[in-house]
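Written out below as structure tokens is the structure these notes cover.
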Number of protein chains: 2
Amino acid sequence: MKGSRKRALLMSDLAKMAGVSKSTVSRALAGSDLVNKETRALIQKLAAEHNYRINTNARNFFLQNSLTIAVLLPSANKGDWRISDPFFLELLGGIAEAVNEKGHQLLLAKTHPQTGNWIEDFINAHTTDGVILIGQGSQHQKINEIAEHFKGLSVWGAEVDDGQHYATVGSDNELGGYKATRHLIDQGRRHIVFLGYTTLPEVSLRHAGYQRALLEVGLPIDKQLERPARHSRSAGYASTKKLIEAGVTFDAIFAVSDLFAMAAITALQEEGIRVPEDVAVVGYDDVAISAFYNPPLTSIRQDRTEGGRLLVDNLLAAIDGETPPCRVLDTELIVRKSSGG
Amino acid sequence: MKGSRKRALLMSDLAKMAGVSKSTVSRALAGSDLVNKETRALIQKLAAEHNYRINTNARNFFLQNSLTIAVLLPSANKGDWRISDPFFLELLGGIAEAVNEKGHQLLLAKTHPQTGNWIEDFINAHTTDGVILIGQGSQHQKINEIAEHFKGLSVWGAEVDDGQHYATVGSDNELGGYKATRHLIDQGRRHIVFLGYTTLPEVSLRHAGYQRALLEVGLPIDKQLERPARHSRSAGYASTKKLIEAGVTFDAIFAVSDLFAMAAITALQEEGIRVPEDVAVVGYDDVAISAFYNPPLTSIRQDRTEGGRLLVDNLLAAIDGETPPCRVLDTELIVRKSSGG
DNA sequence: CTGTTAGCGCATTCAT
DNA sequence: ATGAATGCGCTAACAG
């Protein structure tokens, strides 16, 4: 570290102090039983007293690993980082927790999927032991190709097909979509808008759940009510505005993210449409602010702590040569005022 | 990287292919003029074709640096990561942008200030070139002690005093507090609550601005209106509830963060108090969701992109042995519906 | 139980 | 303009 001037303490220094060899110090610090209890204690005391810190660079270099895990957040365009969705942040928190528990460090990187250098850069730079991808987006093909020859991958998203070479972690999207829609139906709503971009695997599954709920109670599937809006705040707003302008009749909205739901509600209220009286709204993710939204937002909760843990578990397993399974998290319907409950 | 089995391509491999020595390859890849134009081109072509990636570990080890910057996010208690405030996330986005531009990587770490292992661990682990601290919190003393003998520090927060050994980057908190309060006064409000925990340097300055605005127009400083609530969502909610229960008269709230403001608004509305008709509210940060809150939130905007850039600039300067100055960012009042505008 | 030796992959003298 | 030799700090054989 350039910042501190004085030469750092080395193992050889400790060795001199303790009157032993570097190897013994190395072993003692690693807690090896191979070394005499007293010498070990002495060395550890010395290290603590002199505030010795191992040179991680040297260690990683020798060990050919880094105890570091990269988390890649796809960013649509510069500035508009998708991480701006609190859900990803909360998930990141869960990942950080788990990564720390495993004694690893977390490297955070943004990526444009468009840009050539992508996952591969990390893979080969030897700078991380593995890569967690947050959101597979519409990159399944590309990811799958990479996963074919590289195993240190763990992906937040949805299982796509059987020929998939990487494991995903994600909530039970189909069931989540079903629960949300079913809840709206149970509130007496009949014209339920689906707000989301079904090209994304996760969203596509939520959409399947939406349709299942409708069919189950004999409601028609009205294409007019399916708004293929992109996964962003402003798009949710614009989409809802267009829906209103088009004069489409609806009494509920299922939005595939809370942020999206909030944007929709903003649009509704600007038009004098009341939530939940005129239109009931359910979101997805149960982001922290949702409880403090006005009206408080009904949402489908995904457990990010558990999600982060599973992502890390899967990754470490993959690095060890195992083939971890795709994991599906429970979803929970959190009923608040926005759905009329 | 354990994940990929086949031995990685080394410089010596490229050297063999090109029929030159390792040194030449090293120089060619670094773009040195010392090497013949044609050989250089050949080597670079070869490297690209065979998808050569330099072993970052080895490089860092030799160079004694890491091209890595750690960002430390203080977390109050496990699980409740302060990063859950979108503002920090947005700031993190700005930092990531700047870090990338400088060709560095970003290591993200949570820390409990209580826990012994803190900044020092990073400093001595040689794993990062420097450390960015997000929010000095109430740790000024501790940080200052560290900064005395270690220069690779850059801190988001507020300048505390002249004997300070580290540089901060932050918005003009006093002016921000003033602008917010003055705006409420201009809306005809007279009983303005200050919601924030003044132990934090940043908040203390915002509070100073609050008082300046009041004094300027001859309004009394009413201690009853100053709520020393902690910097968290739920506390903002609880604090506001208590204020109402106590029967204190007020017609406006200046909250020191948007999240805080939203929590307050939720509390108000639960009690049937209308925003902005009965109570006008101004927040701080102008977080992305604020525009889509209901009512849309008036707030003091801090430029996180610029903030991130300055934090990184300051850090790199500090690492190079310079003594960068504390930076103060402009603030901008964004008027939306919550303040009655 | 402990010391000696060697080498990870790179960038950099110092030669040519 | 290029090559040979050196060493960064550590761990892991291999000997004792």
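How things are named: the first chain in the structure tokens is A, the next is B, and so on; residues count from 1 in each chain; ligands count from 1 in the order shown.
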Quiz item: Mind checking DSSP for range 141-325 of chain B and telling me the strand (DSSP E) residues as a PyMOL selection string?
Solution: chain B and resi 153-156+168-171+192-195+226-227+252-255+280-282+299-302
Contact set, chain C to chain B: 12 Å, only C-alpha atoms (C1' of nucleotides), as a ChimeraX atom specification: /C:8-13
Can those selected residues be exported to a file as a JSON list (two decimals), in the first residue's frame so that it contains N, CA, C and O atoms (P, O5', C5', C4', C3', O3' and C1' of nucleotides)?
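Final file, again.json:
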[["chain", "number", "residue", "atom", "x", "y", "z"],
["C", 8, "DC", "P", 7.47, -21.75, -11.32],
["C", 8, "DC", "O5'", 6.02, -21.12, -11.19],
["C", 8, "DC", "C5'", 4.97, -21.76, -10.47],
["C", 8, "DC", "C4'", 4.14, -20.71, -9.76],
["C", 8, "DC", "C3'", 3.92, -19.45, -10.59],
["C", 8, "DC", "O3'", 2.69, -19.57, -11.30],
["C", 8, "DC", "C1'", 4.51, -18.94, -8.30],
["C", 9, "DG", "P", 2.71, -19.67, -12.87],
["C", 9, "DG", "O5'", 2.87, -18.15, -13.25],
["C", 9, "DG", "C5'", 1.80, -17.25, -13.01],
["C", 9, "DG", "C4'", 2.31, -15.85, -13.19],
["C", 9, "DG", "C3'", 2.79, -15.54, -14.61],
["C", 9, "DG", "O3'", 2.06, -14.40, -15.04],
["C", 9, "DG", "C1'", 4.37, -14.85, -12.99],
["C", 10, "DC", "P", 2.33, -13.71, -16.42],
["C", 10, "DC", "O5'", 3.14, -12.42, -15.97],
["C", 10, "DC", "C5'", 2.45, -11.40, -15.25],
["C", 10, "DC", "C4'", 3.45, -10.59, -14.46],
["C", 10, "DC", "C3'", 4.24, -9.58, -15.27],
["C", 10, "DC", "O3'", 3.57, -8.33, -15.18],
["C", 10, "DC", "C1'", 5.58, -10.72, -13.63],
["C", 11, "DA", "P", 3.91, -7.18, -16.18],
["C", 11, "DA", "O5'", 5.17, -6.52, -15.48],
["C", 11, "DA", "C5'", 4.97, -5.75, -14.32],
["C", 11, "DA", "C4'", 6.30, -5.23, -13.82],
["C", 11, "DA", "C3'", 6.97, -4.21, -14.73],
["C", 11, "DA", "O3'", 7.52, -3.22, -13.88],
["C", 11, "DA", "C1'", 8.43, -6.05, -14.38],
["C", 12, "DT", "P", 8.12, -1.89, -14.48],
["C", 12, "DT", "O5'", 9.69, -2.10, -14.25],
["C", 12, "DT", "C5'", 10.15, -2.44, -12.93],
["C", 12, "DT", "C4'", 11.55, -2.95, -13.00],
["C", 12, "DT", "C3'", 12.53, -2.06, -13.79],
["C", 12, "DT", "O3'", 13.54, -1.63, -12.89],
["C", 12, "DT", "C1'", 12.82, -4.35, -14.28],
["C", 13, "DT", "P", 14.27, -0.20, -13.16],
["C", 13, "DT", "O5'", 15.31, -0.47, -14.36],
["C", 13, "DT", "C5'", 16.69, -0.21, -14.18],
["C", 13, "DT", "C4'", 17.36, -1.28, -13.35],
["C", 13, "DT", "C3'", 18.82, -1.47, -13.77],
["C", 13, "DT", "O3'", 19.69, -1.17, -12.69],
["C", 13, "DT", "C1'", 17.56, -3.53, -13.98]]
Contacts of Leu215 in chain B within 12 Å, only C-alpha atoms (C1' of nucleotides), excl. fewer than 3 positions in-chain, as a PDB file with all heavy atoms, in the first residue's frame:
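Ended up saving to selection_10.pdb:
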ATOM      1  N   TYR B 178     -30.222  25.430   5.091  1.00  0.00           N
ATOM      2  CA  TYR B 178     -30.794  26.773   4.982  1.00  0.00           C
ATOM      3  C   TYR B 178     -31.831  26.840   3.862  1.00  0.00           C
ATOM      4  O   TYR B 178     -32.949  27.321   4.066  1.00  0.00           O
ATOM      5  CB  TYR B 178     -29.680  27.798   4.725  1.00  0.00           C
ATOM      6  CG  TYR B 178     -30.196  29.167   4.387  1.00  0.00           C
ATOM      7  CD1 TYR B 178     -30.591  30.053   5.398  1.00  0.00           C
ATOM      8  CD2 TYR B 178     -30.321  29.576   3.068  1.00  0.00           C
ATOM      9  CE1 TYR B 178     -31.088  31.304   5.088  1.00  0.00           C
ATOM     10  CE2 TYR B 178     -30.822  30.814   2.737  1.00  0.00           C
ATOM     11  CZ  TYR B 178     -31.211  31.685   3.749  1.00  0.00           C
ATOM     12  OH  TYR B 178     -31.718  32.920   3.447  1.00  0.00           O
ATOM     13  N   THR B 181     -35.104  25.048   4.712  1.00  0.00           N
ATOM     14  CA  THR B 181     -35.895  25.752   5.716  1.00  0.00           C
ATOM     15  C   THR B 181     -36.469  27.047   5.150  1.00  0.00           C
ATOM     16  O   THR B 181     -37.650  27.368   5.326  1.00  0.00           O
ATOM     17  CB  THR B 181     -35.021  26.061   6.943  1.00  0.00           C
ATOM     18  OG1 THR B 181     -34.302  24.872   7.310  1.00  0.00           O
ATOM     19  CG2 THR B 181     -35.880  26.518   8.107  1.00  0.00           C
ATOM     20  N   ARG B 182     -35.626  27.747   4.455  1.00  0.00           N
ATOM     21  CA  ARG B 182     -36.047  29.020   3.864  1.00  0.00           C
ATOM     22  C   ARG B 182     -37.222  28.789   2.902  1.00  0.00           C
ATOM     23  O   ARG B 182     -38.180  29.572   2.867  1.00  0.00           O
ATOM     24  CB  ARG B 182     -34.847  29.613   3.107  1.00  0.00           C
ATOM     25  CG  ARG B 182     -35.090  30.963   2.472  1.00  0.00           C
ATOM     26  CD  ARG B 182     -35.225  32.016   3.544  1.00  0.00           C
ATOM     27  NE  ARG B 182     -36.218  32.999   3.162  1.00  0.00           N
ATOM     28  CZ  ARG B 182     -36.164  34.276   3.508  1.00  0.00           C
ATOM     29  NH1 ARG B 182     -35.181  34.718   4.291  1.00  0.00           N
ATOM     30  NH2 ARG B 182     -37.094  35.116   3.123  1.00  0.00           N
ATOM     31  N   ILE B 185     -40.315  28.394   4.870  1.00  0.00           N
ATOM     32  CA  ILE B 185     -40.734  29.709   5.380  1.00  0.00           C
ATOM     33  C   ILE B 185     -41.422  30.491   4.267  1.00  0.00           C
ATOM     34  O   ILE B 185     -42.485  31.095   4.467  1.00  0.00           O
ATOM     35  CB  ILE B 185     -39.514  30.489   5.914  1.00  0.00           C
ATOM     36  CG1 ILE B 185     -38.937  29.775   7.145  1.00  0.00           C
ATOM     37  CG2 ILE B 185     -39.906  31.927   6.253  1.00  0.00           C
ATOM     38  CD1 ILE B 185     -37.596  30.325   7.606  1.00  0.00           C
ATOM     39  N   ARG B 190     -44.533  28.370   9.597  1.00  0.00           N
ATOM     40  CA  ARG B 190     -43.912  29.065  10.733  1.00  0.00           C
ATOM     41  C   ARG B 190     -43.426  28.119  11.819  1.00  0.00           C
ATOM     42  O   ARG B 190     -42.559  28.457  12.610  1.00  0.00           O
ATOM     43  CB  ARG B 190     -44.927  30.062  11.344  1.00  0.00           C
ATOM     44  CG  ARG B 190     -45.181  31.295  10.473  1.00  0.00           C
ATOM     45  CD  ARG B 190     -43.901  32.108  10.298  1.00  0.00           C
ATOM     46  NE  ARG B 190     -44.022  33.193   9.324  1.00  0.00           N
ATOM     47  CZ  ARG B 190     -43.684  33.075   8.041  1.00  0.00           C
ATOM     48  NH1 ARG B 190     -43.241  31.924   7.576  1.00  0.00           N
ATOM     49  NH2 ARG B 190     -43.797  34.098   7.222  1.00  0.00           N
ATOM     50  N   ALA B 208     -27.585  23.708  11.550  1.00  0.00           N
ATOM     51  CA  ALA B 208     -27.123  25.091  11.638  1.00  0.00           C
ATOM     52  C   ALA B 208     -27.801  25.950  10.571  1.00  0.00           C
ATOM     53  O   ALA B 208     -28.224  27.084  10.829  1.00  0.00           O
ATOM     54  CB  ALA B 208     -25.606  25.157  11.501  1.00  0.00           C
ATOM     55  N   GLY B 209     -27.918  25.398   9.365  1.00  0.00           N
ATOM     56  CA  GLY B 209     -28.578  26.117   8.281  1.00  0.00           C
ATOM     57  C   GLY B 209     -30.047  26.355   8.595  1.00  0.00           C
ATOM     58  O   GLY B 209     -30.607  27.413   8.288  1.00  0.00           O
ATOM     59  N   TYR B 210     -30.632  25.354   9.200  1.00  0.00           N
ATOM     60  CA  TYR B 210     -32.039  25.444   9.640  1.00  0.00           C
ATOM     61  C   TYR B 210     -32.214  26.611  10.592  1.00  0.00           C
ATOM     62  O   TYR B 210     -33.091  27.482  10.423  1.00  0.00           O
ATOM     63  CB  TYR B 210     -32.403  24.111  10.273  1.00  0.00           C
ATOM     64  CG  TYR B 210     -33.598  24.066  11.199  1.00  0.00           C
ATOM     65  CD1 TYR B 210     -34.889  23.986  10.684  1.00  0.00           C
ATOM     66  CD2 TYR B 210     -33.427  24.054  12.586  1.00  0.00           C
ATOM     67  CE1 TYR B 210     -35.986  23.899  11.541  1.00  0.00           C
ATOM     68  CE2 TYR B 210     -34.515  23.965  13.441  1.00  0.00           C
ATOM     69  CZ  TYR B 210     -35.792  23.892  12.919  1.00  0.00           C
ATOM     70  OH  TYR B 210     -36.865  23.802  13.767  1.00  0.00           O
ATOM     71  N   GLN B 211     -31.334  26.666  11.556  1.00  0.00           N
ATOM     72  CA  GLN B 211     -31.441  27.747  12.543  1.00  0.00           C
ATOM     73  C   GLN B 211     -31.173  29.113  11.911  1.00  0.00           C
ATOM     74  O   GLN B 211     -31.847  30.093  12.221  1.00  0.00           O
ATOM     75  CB  GLN B 211     -30.464  27.496  13.684  1.00  0.00           C
ATOM     76  CG  GLN B 211     -30.874  26.288  14.526  1.00  0.00           C
ATOM     77  CD  GLN B 211     -30.214  26.265  15.888  1.00  0.00           C
ATOM     78  OE1 GLN B 211     -29.086  26.727  16.055  1.00  0.00           O
ATOM     79  NE2 GLN B 211     -30.913  25.736  16.876  1.00  0.00           N
ATOM     80  N   ARG B 212     -30.222  29.174  11.016  1.00  0.00           N
ATOM     81  CA  ARG B 212     -29.907  30.451  10.380  1.00  0.00           C
ATOM     82  C   ARG B 212     -31.133  30.989   9.646  1.00  0.00           C
ATOM     83  O   ARG B 212     -31.460  32.174   9.727  1.00  0.00           O
ATOM     84  CB  ARG B 212     -28.749  30.280   9.392  1.00  0.00           C
ATOM     85  CG  ARG B 212     -28.422  31.545   8.618  1.00  0.00           C
ATOM     86  CD  ARG B 212     -27.012  31.538   8.061  1.00  0.00           C
ATOM     87  NE  ARG B 212     -26.792  30.572   6.997  1.00  0.00           N
ATOM     88  CZ  ARG B 212     -26.979  30.837   5.684  1.00  0.00           C
ATOM     89  NH1 ARG B 212     -27.390  32.051   5.300  1.00  0.00           N
ATOM     90  NH2 ARG B 212     -26.741  29.921   4.783  1.00  0.00           N
ATOM     91  N   GLY B 218     -36.609  36.104  11.852  1.00  0.00           N
ATOM     92  CA  GLY B 218     -37.096  36.418  13.188  1.00  0.00           C
ATOM     93  C   GLY B 218     -38.001  35.370  13.809  1.00  0.00           C
ATOM     94  O   GLY B 218     -38.772  35.677  14.727  1.00  0.00           O
ATOM     95  N   LEU B 219     -37.914  34.163  13.310  1.00  0.00           N
ATOM     96  CA  LEU B 219     -38.710  33.106  13.930  1.00  0.00           C
ATOM     97  C   LEU B 219     -37.964  32.550  15.146  1.00  0.00           C
ATOM     98  O   LEU B 219     -36.741  32.493  15.155  1.00  0.00           O
ATOM     99  CB  LEU B 219     -38.961  31.967  12.932  1.00  0.00           C
ATOM    100  CG  LEU B 219     -40.055  32.222  11.896  1.00  0.00           C
ATOM    101  CD1 LEU B 219     -40.073  31.111  10.847  1.00  0.00           C
ATOM    102  CD2 LEU B 219     -41.418  32.331  12.576  1.00  0.00           C
ATOM    103  N   PRO B 220     -38.692  32.146  16.157  1.00  0.00           N
ATOM    104  CA  PRO B 220     -38.047  31.620  17.362  1.00  0.00           C
ATOM    105  C   PRO B 220     -37.493  30.210  17.108  1.00  0.00           C
ATOM    106  O   PRO B 220     -37.986  29.496  16.247  1.00  0.00           O
ATOM    107  CB  PRO B 220     -39.194  31.555  18.370  1.00  0.00           C
ATOM    108  CG  PRO B 220     -40.399  31.325  17.528  1.00  0.00           C
ATOM    109  CD  PRO B 220     -40.167  32.104  16.254  1.00  0.00           C
ATOM    110  N   ILE B 221     -36.494  29.870  17.863  1.00  0.00           N
ATOM    111  CA  ILE B 221     -35.980  28.510  17.809  1.00  0.00           C
ATOM    112  C   ILE B 221     -36.617  27.719  18.933  1.00  0.00           C
ATOM    113  O   ILE B 221     -36.363  27.944  20.108  1.00  0.00           O
ATOM    114  CB  ILE B 221     -34.453  28.506  17.919  1.00  0.00           C
ATOM    115  CG1 ILE B 221     -33.881  29.075  16.615  1.00  0.00           C
ATOM    116  CG2 ILE B 221     -33.939  27.104  18.186  1.00  0.00           C
ATOM    117  CD1 ILE B 221     -32.398  29.203  16.593  1.00  0.00           C
ATOM    118  N   ASP B 222     -37.479  26.829  18.525  1.00  0.00           N
ATOM    119  CA  ASP B 222     -38.289  26.098  19.489  1.00  0.00           C
ATOM    120  C   ASP B 222     -37.735  24.683  19.645  1.00  0.00           C
ATOM    121  O   ASP B 222     -37.835  23.866  18.738  1.00  0.00           O
ATOM    122  CB  ASP B 222     -39.738  26.062  18.966  1.00  0.00           C
ATOM    123  CG  ASP B 222     -40.660  25.340  19.931  1.00  0.00           C
ATOM    124  OD1 ASP B 222     -40.170  24.728  20.904  1.00  0.00           O
ATOM    125  OD2 ASP B 222     -41.887  25.400  19.707  1.00  0.00           O
TER     126      ASP B 222
END
Item checked: 7 Å contacts from chain A to chain B using only C-alpha atoms, as JSON, numbers by chain -> {"A": [1, 2, 3, 4, 53, 54, 55, 56, 57, 58, 60, 61, 64, 65, 81, 84, 86, 89, 90, 93, 106, 107, 108, 109, 124, 125, 126, 127, 128, 129, 150, 151, 152, 262, 263, 266, 292, 293, 294, 319]}
How would the residues just picked look written out with C-alpha atoms as a JSON list (two decimals), in the first residue's frame?
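Output file selection-v3.json follows:
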[["chain", "number", "residue", "atom", "x", "y", "z"],
["A", 1, "MET", "CA", 0.00, 0.00, 0.00],
["A", 2, "LYS", "CA", 1.64, 3.15, -1.20],
["A", 3, "GLY", "CA", -0.22, 5.32, 1.27],
["A", 4, "SER", "CA", 1.79, 4.22, 4.27],
["A", 53, "ARG", "CA", -0.67, -8.15, 8.52],
["A", 54, "ILE", "CA", 0.06, -10.75, 5.96],
["A", 55, "ASN", "CA", 0.74, -9.50, 2.47],
["A", 56, "THR", "CA", -2.40, -10.65, 0.79],
["A", 57, "ASN", "CA", -0.99, -10.03, -2.63],
["A", 58, "ALA", "CA", 1.89, -12.37, -2.09],
["A", 60, "ASN", "CA", -2.91, -14.84, -3.30],
["A", 61, "PHE", "CA", -0.19, -14.93, -5.87],
["A", 64, "GLN", "CA", -3.31, -18.87, -7.22],
["A", 65, "ASN", "CA", -6.52, -17.64, -5.83],
["A", 81, "TRP", "CA", -27.17, 1.95, -13.29],
["A", 84, "SER", "CA", -30.47, 2.07, -8.64],
["A", 86, "PRO", "CA", -33.13, -0.80, -4.22],
["A", 89, "LEU", "CA", -28.89, -3.19, -3.38],
["A", 90, "GLU", "CA", -30.68, -5.20, -0.77],
["A", 93, "GLY", "CA", -26.34, -6.65, 1.10],
["A", 106, "LEU", "CA", -16.43, -8.73, -2.66],
["A", 107, "LEU", "CA", -15.43, -6.96, -5.81],
["A", 108, "LEU", "CA", -18.17, -4.85, -7.29],
["A", 109, "ALA", "CA", -18.27, -4.16, -10.99],
["A", 124, "ASN", "CA", -9.18, -14.73, -16.77],
["A", 125, "ALA", "CA", -7.79, -11.85, -14.81],
["A", 126, "HIS", "CA", -7.20, -14.19, -11.87],
["A", 127, "THR", "CA", -8.43, -11.43, -9.76],
["A", 128, "THR", "CA", -11.47, -13.25, -8.47],
["A", 129, "ASP", "CA", -12.31, -16.82, -7.66],
["A", 150, "PHE", "CA", -16.18, -21.92, -17.09],
["A", 151, "LYS", "CA", -17.72, -23.13, -13.90],
["A", 152, "GLY", "CA", -17.19, -20.30, -11.41],
["A", 262, "MET", "CA", -44.70, 3.32, -7.64],
["A", 263, "ALA", "CA", -44.17, 4.90, -11.03],
["A", 266, "THR", "CA", -47.69, 8.34, -9.63],
["A", 292, "PHE", "CA", -43.56, 3.71, 3.71],
["A", 293, "TYR", "CA", -45.01, 4.45, 0.35],
["A", 294, "ASN", "CA", -48.33, 6.20, 0.12],
["A", 319, "ILE", "CA", -15.67, -23.38, -7.79]]
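Interatomic distance, CA of Arg7 in chain B to CA of Val35 in chain B: 27.8 Å.
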So the first atom is CA of Gly177 in chain B and the second is CA of Ala213 in chain B; what is the distance between them in Å, to one decimal place?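 According to the coordinates, CA of Gly177 in chain B and CA of Ala213 in chain B are separated by 8.4 Å.
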Restrict the distance test to only C-alpha atoms (C1' of nucleotides), flag each residue of chain D within 7 Å of chain A, and return the flagged residues as a list in words.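 Taking only C-alpha atoms (C1' of nucleotides) into account, DG9, DC10 and DT11 of chain D sit within 7 Å of chain A.
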Please, could you write that set of residues out with N, CA, C and O atoms (P, O5', C5', C4', C3', O3' and C1' of nucleotides) as a PDB file, in the first residue's frame?
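This went into part-v9.pdb:
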ATOM      1  P    DG D   9       8.808  -7.644  -0.115  1.00  0.00           P
ATOM      2  O5'  DG D   9       7.958  -8.874   0.413  1.00  0.00           O
ATOM      3  C5'  DG D   9       6.538  -8.798   0.386  1.00  0.00           C
ATOM      4  C4'  DG D   9       5.983 -10.190   0.549  1.00  0.00           C
ATOM      5  C3'  DG D   9       6.348 -10.865   1.869  1.00  0.00           C
ATOM      6  O3'  DG D   9       5.135 -11.114   2.551  1.00  0.00           O
ATOM      7  C1'  DG D   9       6.683 -12.322   0.032  1.00  0.00           C
ATOM      8  P    DC D  10       5.057 -12.004   3.842  1.00  0.00           P
ATOM      9  O5'  DC D  10       4.637 -13.403   3.220  1.00  0.00           O
ATOM     10  C5'  DC D  10       3.361 -13.538   2.601  1.00  0.00           C
ATOM     11  C4'  DC D  10       3.335 -14.771   1.731  1.00  0.00           C
ATOM     12  C3'  DC D  10       3.320 -16.084   2.487  1.00  0.00           C
ATOM     13  O3'  DC D  10       1.969 -16.494   2.646  1.00  0.00           O
ATOM     14  C1'  DC D  10       4.780 -16.153   0.587  1.00  0.00           C
ATOM     15  P    DT D  11       1.687 -17.663   3.706  1.00  0.00           P
ATOM     16  O5'  DT D  11       2.021 -18.942   2.832  1.00  0.00           O
ATOM     17  C5'  DT D  11       1.113 -19.306   1.787  1.00  0.00           C
ATOM     18  C4'  DT D  11       1.658 -20.513   1.070  1.00  0.00           C
ATOM     19  C3'  DT D  11       1.571 -21.802   1.871  1.00  0.00           C
ATOM     20  O3'  DT D  11       0.955 -22.742   1.003  1.00  0.00           O
ATOM     21  C1'  DT D  11       3.776 -21.493   1.033  1.00  0.00           C
TER      22       DT D  11
END
**Report entry** Spatial neighbours of DC1 in chain C, 12 Å, only C-alpha atoms (C1' of nucleotides), chain gap at least 3 places, as a PyMOL selection string
**Finding:** (chain A and resi 23-24+27-28+32-40) or (chain D and resi 16)
Take the residues from that selection and write them out as an mmCIF file, in the first residue's frame, keeping N, CA, C and O atoms (P, O5', C5', C4', C3', O3' and C1' of nucleotides).
data_model
loop_
_atom_site.group_PDB
_atom_site.id
_atom_site.type_symbol
_atom_site.label_atom_id
_atom_site.label_comp_id
_atom_site.auth_asym_id
_atom_site.auth_seq_id
_atom_site.Cartn_x
_atom_site.Cartn_y
_atom_site.Cartn_z
ATOM 1 N N SER A 23 9.291 -20.312 7.623
ATOM 2 C CA SER A 23 8.310 -21.395 7.493
ATOM 3 C C SER A 23 7.546 -21.596 8.787
ATOM 4 O O SER A 23 6.329 -21.773 8.785
ATOM 5 N N THR A 24 8.285 -21.586 9.874
ATOM 6 C CA THR A 24 7.625 -21.787 11.162
ATOM 7 C C THR A 24 6.627 -20.668 11.417
ATOM 8 O O THR A 24 5.512 -20.908 11.881
ATOM 9 N N ARG A 27 3.608 -21.258 9.287
ATOM 10 C CA ARG A 27 2.775 -22.319 9.843
ATOM 11 C C ARG A 27 2.056 -21.862 11.108
ATOM 12 O O ARG A 27 0.860 -22.109 11.288
ATOM 13 N N ALA A 28 2.787 -21.203 11.952
ATOM 14 C CA ALA A 28 2.186 -20.754 13.208
ATOM 15 C C ALA A 28 0.990 -19.839 12.945
ATOM 16 O O ALA A 28 -0.067 -19.971 13.556
ATOM 17 N N SER A 32 -1.256 -24.029 12.245
ATOM 18 C CA SER A 32 -0.931 -25.443 11.999
ATOM 19 C C SER A 32 -0.503 -26.167 13.288
ATOM 20 O O SER A 32 0.176 -25.603 14.136
ATOM 21 N N ASP A 33 -0.919 -27.422 13.413
ATOM 22 C CA ASP A 33 -0.549 -28.209 14.601
ATOM 23 C C ASP A 33 0.896 -28.677 14.497
ATOM 24 O O ASP A 33 1.467 -29.193 15.454
ATOM 25 N N LEU A 34 1.426 -28.540 13.315
ATOM 26 C CA LEU A 34 2.789 -29.005 13.089
ATOM 27 C C LEU A 34 3.799 -28.242 13.938
ATOM 28 O O LEU A 34 4.935 -28.666 14.078
ATOM 29 N N VAL A 35 3.351 -27.121 14.467
ATOM 30 C CA VAL A 35 4.313 -26.303 15.202
ATOM 31 C C VAL A 35 4.034 -26.359 16.709
ATOM 32 O O VAL A 35 2.883 -26.400 17.140
ATOM 33 N N ASN A 36 5.091 -26.393 17.440
ATOM 34 C CA ASN A 36 5.055 -26.445 18.901
ATOM 35 C C ASN A 36 4.100 -25.393 19.477
ATOM 36 O O ASN A 36 4.107 -24.245 19.066
ATOM 37 N N LYS A 37 3.322 -25.817 20.439
ATOM 38 C CA LYS A 37 2.298 -24.934 20.996
ATOM 39 C C LYS A 37 2.871 -23.609 21.486
ATOM 40 O O LYS A 37 2.307 -22.550 21.228
ATOM 41 N N GLU A 38 3.969 -23.701 22.221
ATOM 42 C CA GLU A 38 4.538 -22.473 22.801
ATOM 43 C C GLU A 38 5.061 -21.528 21.715
ATOM 44 O O GLU A 38 4.810 -20.333 21.759
ATOM 45 N N THR A 39 5.822 -22.107 20.771
ATOM 46 C CA THR A 39 6.332 -21.249 19.692
ATOM 47 C C THR A 39 5.170 -20.611 18.936
ATOM 48 O O THR A 39 5.208 -19.429 18.594
ATOM 49 N N ARG A 40 4.166 -21.407 18.711
ATOM 50 C CA ARG A 40 3.007 -20.876 17.989
ATOM 51 C C ARG A 40 2.433 -19.693 18.739
ATOM 52 O O ARG A 40 2.185 -18.628 18.170
ATOM 53 P P DG D 16 18.900 -34.860 4.403
ATOM 54 O "O5'" DG D 16 18.438 -35.121 5.893
ATOM 55 C "C5'" DG D 16 19.216 -34.582 6.906
ATOM 56 C "C4'" DG D 16 18.352 -33.802 7.872
ATOM 57 C "C3'" DG D 16 18.503 -34.276 9.305
ATOM 58 O "O3'" DG D 16 19.370 -33.337 9.946
ATOM 59 C "C1'" DG D 16 16.279 -33.623 8.762
#
Those of range 18-265 of chain B in DSSP helix (DSSP H, G or I), formatted as a VMD selection string:
chain B and resid 18 22 to 29 37 to 49 56 to 63 82 to 84 86 to 101 119 to 124 140 to 149 173 to 186 201 to 216 223 to 225 233 to 245 258 to 265
